[in-house]
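To start, the structure under review is shown below, and the notes come after it.
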Amino acid sequence: MNIYFDVDDTLVTWDHRLRPHVHAVFERLRHDGHAIYVWSGRGKRWEVVGRHALGPWVVTCHEKPLEDHHAQLAVLGVNPAPDFVVDDHYAVVRAFGGYWIAPPRLPFEQDQQMWRVYDAVLRCVAHRTAGHHSDLFIARWDQP
């Protein structure tokens, strides 16, 4: 799958810290055969990819559509289209399907949201493999 990760409050905190377990989850996702993309409503965030050494796993960065999501993909040059998104904004997850992630919480070192993302990807793959080919799969965070 083509998995698109938002940046702010998804991969990094308000003070630019990388959320716990990003490297391990990205490694597993790539090992499982998924392509990882980073996108943001603030433009292509290569500086975040570089600062946090995410380059080995990230295919490329894109600007994220903030409205009229599907139509804006072509306008913004987002290709390929996302199969699964990880975002703290529900509207984006609802538009494409994926995982609605909780913002990082304290104590920061105990944040397990990235592992919940990985579990949601596995559930989505199993859902589609079982013949449920709906275009939309939404997993919602429910615990800190």
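A note on labels: chains of the structure tokens are A, B, ... as shown, every chain counts residues from 1, and ligands are counted from 1 in their shown order.
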
- Query: Counting only C-alpha atoms, what is within 12 Å of region 7-20 of chain A, bar same-chain residues fewer than 5 positions away, as a ChimeraX atom specification?
  - Reply: /A:25-26,37-54,61-64,85-89,99-117

Residues as selected, N, CA and C atoms, written as a compact mmCIF listing (two decimals), in the first residue's frame, can you do that?
# COMPACT_ATOMS: atom_id res chain seq x y z
N VAL A 25 8.61 1.44 13.29
CA VAL A 25 7.39 1.20 12.51
C VAL A 25 7.65 1.41 11.03
N PHE A 26 8.38 2.45 10.67
CA PHE A 26 8.71 2.65 9.25
C PHE A 26 9.51 1.47 8.71
N TYR A 37 5.13 7.68 2.32
CA TYR A 37 5.19 9.05 1.85
C TYR A 37 4.93 9.98 3.03
N VAL A 38 5.53 11.16 2.98
CA VAL A 38 5.29 12.18 3.99
C VAL A 38 4.63 13.35 3.29
N TRP A 39 3.54 13.86 3.90
CA TRP A 39 2.90 15.04 3.33
C TRP A 39 2.44 15.96 4.44
N SER A 40 2.24 17.22 4.06
CA SER A 40 1.86 18.22 5.05
C SER A 40 1.08 19.33 4.36
N GLY A 41 0.17 19.91 5.10
CA GLY A 41 -0.55 21.09 4.60
C GLY A 41 0.36 22.31 4.54
N ARG A 42 1.56 22.20 5.09
CA ARG A 42 2.54 23.28 5.08
C ARG A 42 3.61 23.08 3.99
N GLY A 43 3.32 22.19 3.03
CA GLY A 43 4.25 21.98 1.93
C GLY A 43 5.06 20.71 2.09
N LYS A 44 6.03 20.54 1.21
CA LYS A 44 6.89 19.36 1.23
C LYS A 44 7.88 19.52 2.38
N ARG A 45 7.88 18.59 3.30
CA ARG A 45 8.61 18.76 4.55
C ARG A 45 9.90 17.93 4.57
N TRP A 46 10.74 18.14 3.57
CA TRP A 46 12.01 17.42 3.50
C TRP A 46 12.90 17.69 4.71
N GLU A 47 12.76 18.89 5.30
CA GLU A 47 13.60 19.20 6.46
C GLU A 47 13.29 18.27 7.63
N VAL A 48 12.03 17.86 7.77
CA VAL A 48 11.65 16.92 8.83
C VAL A 48 12.23 15.54 8.53
N VAL A 49 12.14 15.12 7.28
CA VAL A 49 12.71 13.82 6.88
C VAL A 49 14.20 13.80 7.16
N GLY A 50 14.90 14.88 6.80
CA GLY A 50 16.34 14.95 7.04
C GLY A 50 16.71 15.04 8.51
N ARG A 51 16.05 15.91 9.25
CA ARG A 51 16.36 16.12 10.66
C ARG A 51 16.21 14.85 11.48
N HIS A 52 15.22 14.03 11.11
CA HIS A 52 14.93 12.83 11.90
C HIS A 52 15.38 11.53 11.22
N ALA A 53 16.22 11.66 10.19
CA ALA A 53 16.82 10.50 9.51
C ALA A 53 15.76 9.50 9.03
N LEU A 54 14.72 10.02 8.37
CA LEU A 54 13.65 9.17 7.84
C LEU A 54 13.88 8.80 6.37
N CYS A 61 8.18 13.37 -0.55
CA CYS A 61 7.30 14.26 0.21
C CYS A 61 6.35 14.97 -0.75
N HIS A 62 5.15 15.26 -0.27
CA HIS A 62 4.14 15.98 -1.04
C HIS A 62 3.49 17.03 -0.17
N GLU A 63 2.85 17.98 -0.83
CA GLU A 63 1.95 18.90 -0.13
C GLU A 63 0.61 18.20 0.01
N LYS A 64 0.01 18.29 1.18
CA LYS A 64 -1.25 17.61 1.48
C LYS A 64 -2.44 18.50 1.13
N VAL A 85 -3.91 6.68 4.93
CA VAL A 85 -3.28 7.88 5.48
C VAL A 85 -3.25 7.79 7.00
N VAL A 86 -2.28 8.47 7.58
CA VAL A 86 -2.17 8.59 9.03
C VAL A 86 -2.15 10.08 9.32
N ASP A 87 -3.17 10.56 10.04
CA ASP A 87 -3.32 12.00 10.22
C ASP A 87 -4.08 12.29 11.50
N ASP A 88 -3.79 13.43 12.11
CA ASP A 88 -4.53 13.86 13.28
C ASP A 88 -5.78 14.65 12.90
N HIS A 89 -5.97 14.92 11.62
CA HIS A 89 -7.18 15.61 11.15
C HIS A 89 -8.13 14.57 10.56
N TYR A 99 -5.80 5.82 9.42
CA TYR A 99 -5.78 5.84 10.88
C TYR A 99 -5.80 7.27 11.38
N TRP A 100 -6.79 7.57 12.19
CA TRP A 100 -6.90 8.88 12.83
C TRP A 100 -6.10 8.82 14.11
N ILE A 101 -4.95 9.48 14.12
CA ILE A 101 -3.98 9.35 15.22
C ILE A 101 -4.20 10.43 16.27
N ALA A 102 -3.98 10.05 17.52
CA ALA A 102 -4.05 11.00 18.62
C ALA A 102 -2.78 11.84 18.63
N PRO A 103 -2.91 13.11 18.97
CA PRO A 103 -1.68 13.92 19.12
C PRO A 103 -0.80 13.31 20.21
N PRO A 104 0.50 13.56 20.16
CA PRO A 104 1.40 13.03 21.19
C PRO A 104 0.96 13.49 22.58
N ARG A 105 1.05 12.59 23.53
CA ARG A 105 0.65 12.90 24.90
C ARG A 105 1.81 12.65 25.86
N LEU A 106 1.65 13.20 27.03
CA LEU A 106 2.65 12.99 28.07
C LEU A 106 2.22 11.85 28.97
N PRO A 107 3.10 11.06 29.51
CA PRO A 107 4.56 11.14 29.28
C PRO A 107 4.91 10.67 27.86
N PHE A 108 5.63 11.50 27.19
CA PHE A 108 5.93 11.32 25.77
C PHE A 108 6.56 9.98 25.46
N GLU A 109 7.47 9.52 26.29
CA GLU A 109 8.19 8.28 26.05
C GLU A 109 7.28 7.06 26.08
N GLN A 110 6.09 7.19 26.64
CA GLN A 110 5.13 6.07 26.71
C GLN A 110 4.12 6.07 25.57
N ASP A 111 4.23 7.01 24.65
CA ASP A 111 3.31 7.11 23.52
C ASP A 111 3.44 5.86 22.64
N GLN A 112 2.34 5.18 22.41
CA GLN A 112 2.33 3.93 21.63
C GLN A 112 1.55 4.08 20.32
N GLN A 113 1.23 5.30 19.94
CA GLN A 113 0.38 5.50 18.77
C GLN A 113 0.97 4.93 17.48
N MET A 114 2.28 4.98 17.30
CA MET A 114 2.85 4.45 16.06
C MET A 114 2.65 2.94 15.97
N TRP A 115 2.70 2.24 17.10
CA TRP A 115 2.42 0.80 17.05
C TRP A 115 0.95 0.55 16.75
N ARG A 116 0.08 1.44 17.19
CA ARG A 116 -1.34 1.31 16.83
C ARG A 116 -1.54 1.55 15.34
N VAL A 117 -0.75 2.45 14.77
CA VAL A 117 -0.78 2.66 13.32
C VAL A 117 -0.40 1.36 12.61

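Backbone DSSP over region 81-132 of chain A yields strand (DSSP E) at Phe84, Val85, Val86, Asp87, Gly98, Tyr99 and Trp100 of chain A.
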
- Query: Which polymer residues have any atom within 7 Å of an atom of Met1 (chain A), counting only C-alpha atoms, with same-chain residues fewer than 6 positions away left out, as a list in words?
  - Reply: His34, Ala35 and Asp83 of chain A

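Note that CA of Ile3 (chain A) and CA of Val121 (chain A) are 8.9 Å apart.
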
- Distance of CA of Pro80 (chain A) from CA of Val93 (chain A), expressed in Å to one decimal place: 16.6 Å

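Taking CA of Ala71 (chain A) and CA of Asp119 (chain A) as the two end points, the separation is 29.3 Å.
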
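Minimum atom-to-atom distance to Ala81 (chain A), evaluated using only C-alpha atoms, belongs to A:Ile36 out of A:Leu66, A:Ile36, A:Val22, A:Arg28.
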
- Item | Residue with smallest distance to Cys124 (chain A) - pool A:Pro65, A:Gly77, A:Pro82, A:Gly97, counting only C-alpha atoms | A:Gly97
